[in-house]
Amino acid sequence: MAKDQIRAGRLDAQRSKEIEDYLSSMEADKQISSSDIRVDMAHILMLEKQGFIDKQSAKKLLSALNKYMDEGLPADAFDVDREDIHAGIEAVLINDAGADAGGRMHLGRSRNDEVATCLKMRTRELILETLSGTFELRRALISRAEENLNTIMPGFTHLQHAQPTTLAHYLLAYENLFSRDSARLFDAYARLNKSPLGSAAFAGTGFDLDRNLTADYLGFISPVENSMDAVANRDFIVETISDLAILMTNISRMCEELILWSTAFVKFVNLNDAYCSTSSIMPQKKNPDTLEIMRAKSAAVIGELTAALTLIKSLPMSYNRDLQDLNPHLWNAFKQTNSSLPLLAEIIDTAEFDETAMKKQAKAGNTTATELADHLVREYGLPFRTAHNIVGRAVKLGSLDLKTVEEAAKETAKISLVEKGLTDTEISNVLNPKDIIKHKKTYGSPNPRLMKKAVQAADVRLVQDEVTSDMMSDQLSEADEKIKSAISEL
Ligand code: ARG
């Protein structure tokens with residue numbers, strides 16, 4: 001192909017392959033090549049409508065772009081000596097539509113507004129993919145929770161047995177966490193959904209471009225207000241990576257939990273063999289490798305966030321070439337997150353939870369002690385702190401039977417609970433985890449009656465989120481249809 005069409009005027013020296021490779025964003029730009037074709041189409045349609053390009057040239061350009069859309073871009077568009085995909089597509093267009101028509105496309109435009117527009121378009125698509133992954137995960141958690149409203153297990157604080165709860169309560173806690181991740185991604189999408197196109201290098205242009213029209217063709221709600229902000233803004237990328245890093249951190253917590261639950265110490269879960277590996281020497285081993293790798297992927301996404309923040313923090317207005325190096329961090333953050341989400345959903349879908357092991361542990365470590373203290377308050381009118389001290393001392397003395405509780409009461413509060421009427425049967429009734437959970441009164445607690453409603457609420461919220469995200473992807477398809485029909489009208 002001919003000499004680089006952008007450098008041809010201003011610069012003489014040809015660049016070495018090393019310099020070209022070093023500067024080119026071509027590899028990462030594969031993510032935005034399809035967005036760039038649509039950006040070119042929208043821009044040309046608008047130029048034609050505004051009378052800045054003749055119909056014949058517009059037709060030539062659009063028919064070549066249509067061909068690229070259907071059959072893929074010519075390999076030359078990805079040549080690294082073209083710096084980036086924007087220059088690459090312009091070069092193949094000049095080749096295919098002729099230098100006159102091809103040379104007219106870039107009027108009133110810069111790669112600065114062009115790349116910002118492409119990045120936002122691709123980010124929208126990938127956010128929709130991430131959202132759908134969070135939905136799959138939430139669906140798995142909700143349906144396993146529904147099956148396990150009455151599965152009693154211990155809950156932990158400080159990783160010590162704390163109080164009895166249910167598996168449904170546990171799983172819905174994670175569902176709630178991931179529903180906030182979905183919400184954050186919806187927010188990021190809404191905030192970024194304005195079009196930079198028509199901002200040119202940063203200061204707009206003397207050609208009367210219709211920015212509303214191109215925004216509409218590309219599915220944005222409006223043009224970005226300030227043309228300098230339009231080309232310089234990458235906080236939408238930092239915000240998106242932040243959301244992904246938070247999401248992956250949440251995923252990592254859940255991985256850690258499941259890894260712990262799958263150990264021979266705990267044995268709350270038996271993971272499906274498909275997600276596990278064995279040892280080359282120890283024939284008995286079943287290792288939770290998929291969860292371990294997933295926990296590790298979260299580190300990569302957190303790393304991408306750190307890189308993104310550090311890259312941007314010292315960049316003055318408006319466009320700086322450094323920004324090009326931000327993009328791979330975004331693509332990798334999406335790659336790691338979007339490959340993890342469906343796997344975790346499957347792992348949860350196929351996990352066998354061991355109800356017996358959970359039940360056995362539900363009382364271990366005196367998880368019912370709080371309930372006994374509460375009982376002493378309810379039945380014998382003790383101040384909570386007195387009751388807390390009596391039960392605490394009984395635990396220290398080694399048992400929650402009547403004899404020990406009485407001894408503890410005398411020792412710490414100088415009272416006799418036996419004289420007040422406390423009996424052994426009463427204590428053992430109070431210490432039944434199933435009853436404790438059934439009698440929970442507060443909103444959000446594991447009481448199966450309340451958890452059943454919580455499952456329904458989570459389900460409704462999930463369906464609403466799915467409908468919203470379907471509407472968002474419909475808007476993108478409608479925009480594509482608008483471009484198509486504008487092209488065929490021409
Ligand atoms: N490849 C560049 C990027 O990703 C496109 C914008 C280039 N702009 C420029 N003024 N050199 O940021």
# chains A, B, ... in the order shown; residues from 1 in each chain; ligands from 1
>>> residues_near_ligand(ligand="ligand 1", cutoff="7 Å", atoms="only C-alpha atoms and all ligand atoms", output="list in words")
Ser25, Glu83, Asp84, Arg111, Asn112, Val115, Tyr319, Arg321, Leu323 and Gln324 of chain A
>>> residues_around(residues="Ile94 (chain A)", least_positions_apart="4", cutoff="12 Å", atoms="only C-alpha atoms", output="list in words")
Met1, Ala2, Lys3, Asp4, Gln5, Ile6, Ser57, Lys60, Leu61, Ala64, Leu65, Asp76, Ala77, Ala87, Gly88, Ile89, Glu90, Gly98, Ala99, Asp100, Ala101, Gly102, Gly103, Arg104, Met105 and His106 of chain A
>>> residues_around(residues="Asp21 (chain A)", least_positions_apart="3", cutoff="9 Å", atoms="only C-alpha atoms", output="PDB file with N, CA, C and O atoms, in the first residue's frame")
ATOM      1  N   SER A  16      10.847   2.986  11.241  1.00  0.00           N
ATOM      2  CA  SER A  16      11.261   1.581  11.281  1.00  0.00           C
ATOM      3  C   SER A  16      10.110   0.737  11.802  1.00  0.00           C
ATOM      4  O   SER A  16       9.197   1.243  12.462  1.00  0.00           O
ATOM      5  N   LYS A  17      10.190  -0.547  11.525  1.00  0.00           N
ATOM      6  CA  LYS A  17       9.189  -1.501  12.007  1.00  0.00           C
ATOM      7  C   LYS A  17       9.089  -1.430  13.537  1.00  0.00           C
ATOM      8  O   LYS A  17       7.988  -1.503  14.104  1.00  0.00           O
ATOM      9  N   GLU A  18      10.246  -1.250  14.200  1.00  0.00           N
ATOM     10  CA  GLU A  18      10.251  -1.201  15.664  1.00  0.00           C
ATOM     11  C   GLU A  18       9.424  -0.027  16.180  1.00  0.00           C
ATOM     12  O   GLU A  18       8.636  -0.163  17.102  1.00  0.00           O
ATOM     13  N   SER A  24       1.870   1.539  17.589  1.00  0.00           N
ATOM     14  CA  SER A  24       0.573   1.141  17.047  1.00  0.00           C
ATOM     15  C   SER A  24      -0.381   0.606  18.118  1.00  0.00           C
ATOM     16  O   SER A  24       0.015  -0.120  19.021  1.00  0.00           O
ATOM     17  N   SER A  25      -1.654   0.974  17.982  1.00  0.00           N
ATOM     18  CA  SER A  25      -2.672   0.417  18.892  1.00  0.00           C
ATOM     19  C   SER A  25      -3.472  -0.677  18.198  1.00  0.00           C
ATOM     20  O   SER A  25      -4.529  -1.079  18.675  1.00  0.00           O
ATOM     21  N   MET A  26      -2.967  -1.136  17.022  1.00  0.00           N
ATOM     22  CA  MET A  26      -3.761  -2.007  16.171  1.00  0.00           C
ATOM     23  C   MET A  26      -4.292  -3.238  16.887  1.00  0.00           C
ATOM     24  O   MET A  26      -5.453  -3.612  16.718  1.00  0.00           O
ATOM     25  N   VAL A  80       0.074  -2.724  10.917  1.00  0.00           N
ATOM     26  CA  VAL A  80       0.581  -1.877  12.019  1.00  0.00           C
ATOM     27  C   VAL A  80       1.206  -0.573  11.546  1.00  0.00           C
ATOM     28  O   VAL A  80       1.306   0.377  12.328  1.00  0.00           O
ATOM     29  N   ASP A  81       1.588  -0.510  10.259  1.00  0.00           N
ATOM     30  CA  ASP A  81       2.184   0.763   9.836  1.00  0.00           C
ATOM     31  C   ASP A  81       1.116   1.854   9.702  1.00  0.00           C
ATOM     32  O   ASP A  81       1.419   2.994   9.354  1.00  0.00           O
ATOM     33  N   GLU A  83      -0.664   2.946  12.312  1.00  0.00           N
ATOM     34  CA  GLU A  83      -0.841   3.525  13.648  1.00  0.00           C
ATOM     35  C   GLU A  83      -2.040   3.000  14.400  1.00  0.00           C
ATOM     36  O   GLU A  83      -1.937   2.551  15.526  1.00  0.00           O
TER      37      GLU A  83
END
>>> residues_around(residues="Thr123 (chain A)", least_positions_apart="4", cutoff="10 Å", atoms="only C-alpha atoms", output="ChimeraX atom specification")
/A:31-32,117-119,127-129,188-189,192-193,236-237,240,330-331,334
>>> write_last_selection(atoms="N, CA and C atoms", output="short mmCIF file (atom, residue, chain, number, x, y, z; two decimals), in the first residue's frame")
data_model
loop_
_atom_site.label_atom_id
_atom_site.label_comp_id
_atom_site.auth_asym_id
_atom_site.auth_seq_id
_atom_site.Cartn_x
_atom_site.Cartn_y
_atom_site.Cartn_z
N GLN A 31 -10.83 -4.58 19.06
CA GLN A 31 -12.06 -4.46 19.85
C GLN A 31 -13.02 -3.42 19.28
N ILE A 32 -12.47 -2.40 18.59
CA ILE A 32 -13.35 -1.29 18.18
C ILE A 32 -13.50 -1.19 16.67
N THR A 117 -15.50 8.02 20.69
CA THR A 117 -16.82 7.50 20.34
C THR A 117 -16.80 5.97 20.25
N CYS A 118 -15.79 5.45 19.55
CA CYS A 118 -15.68 3.99 19.41
C CYS A 118 -15.55 3.31 20.78
N LEU A 119 -14.74 3.90 21.64
CA LEU A 119 -14.51 3.28 22.96
C LEU A 119 -15.80 3.21 23.76
N ILE A 127 -20.43 -3.90 28.56
CA ILE A 127 -21.19 -3.78 29.82
C ILE A 127 -22.45 -4.64 29.74
N LEU A 128 -23.10 -4.62 28.59
CA LEU A 128 -24.30 -5.46 28.45
C LEU A 128 -23.96 -6.94 28.64
N GLU A 129 -22.79 -7.33 28.14
CA GLU A 129 -22.35 -8.72 28.33
C GLU A 129 -22.10 -9.01 29.82
N ALA A 188 -22.95 3.24 35.22
CA ALA A 188 -21.81 3.59 34.38
C ALA A 188 -22.27 3.75 32.93
N TYR A 189 -23.11 2.84 32.50
CA TYR A 189 -23.63 2.86 31.12
C TYR A 189 -24.39 4.16 30.87
N LEU A 192 -22.09 7.19 30.61
CA LEU A 192 -21.19 7.31 29.45
C LEU A 192 -21.93 7.51 28.14
N ASN A 193 -23.26 7.32 28.15
CA ASN A 193 -23.97 7.19 26.88
C ASN A 193 -24.23 8.51 26.14
N PHE A 236 -14.97 7.56 32.11
CA PHE A 236 -15.95 6.48 31.91
C PHE A 236 -15.25 5.12 31.88
N ILE A 237 -13.99 5.12 31.43
CA ILE A 237 -13.24 3.86 31.43
C ILE A 237 -12.81 3.49 32.85
N THR A 240 -15.80 2.26 34.67
CA THR A 240 -16.17 0.90 34.27
C THR A 240 -15.21 -0.13 34.87
N LEU A 330 -8.78 -1.82 29.81
CA LEU A 330 -10.24 -1.98 29.81
C LEU A 330 -10.63 -3.33 29.21
N TRP A 331 -10.03 -3.62 28.05
CA TRP A 331 -10.40 -4.88 27.38
C TRP A 331 -10.06 -6.09 28.25
N PHE A 334 -12.54 -6.51 31.12
CA PHE A 334 -13.77 -7.15 30.64
C PHE A 334 -13.56 -8.64 30.38
#
>>> closest_atom_pairs(of="region 303-420 of chain A", to="region 170-178 of chain A", cutoff="12 Å", atoms="only C-alpha atoms", output="tab-separated table")
residue	atom	partner	partner_atom	distance
A:Leu341	CA	A:Phe178	CA	10.5
A:Leu344	CA	A:Phe178	CA	12.0
A:Ala345	CA	A:Glu175	CA	11.1
A:Ile348	CA	A:Leu171	CA	9.7
A:Asp349	CA	A:Leu171	CA	11.7
A:Phe353	CA	A:Leu171	CA	11.6
>>> closest_residue(among="A:Ala203, A:Leu218, A:Ile152, A:Leu247", to="Gln475 (chain A)", atoms="only C-alpha atoms")
A:Leu218
>>> residues_around(residues="region 430-444 of chain A", least_positions_apart="2", cutoff="7 Å", atoms="only C-alpha atoms", output="number ranges by chain")
A: 152, 164-165, 362-363, 368, 371-372, 426-428, 446-448
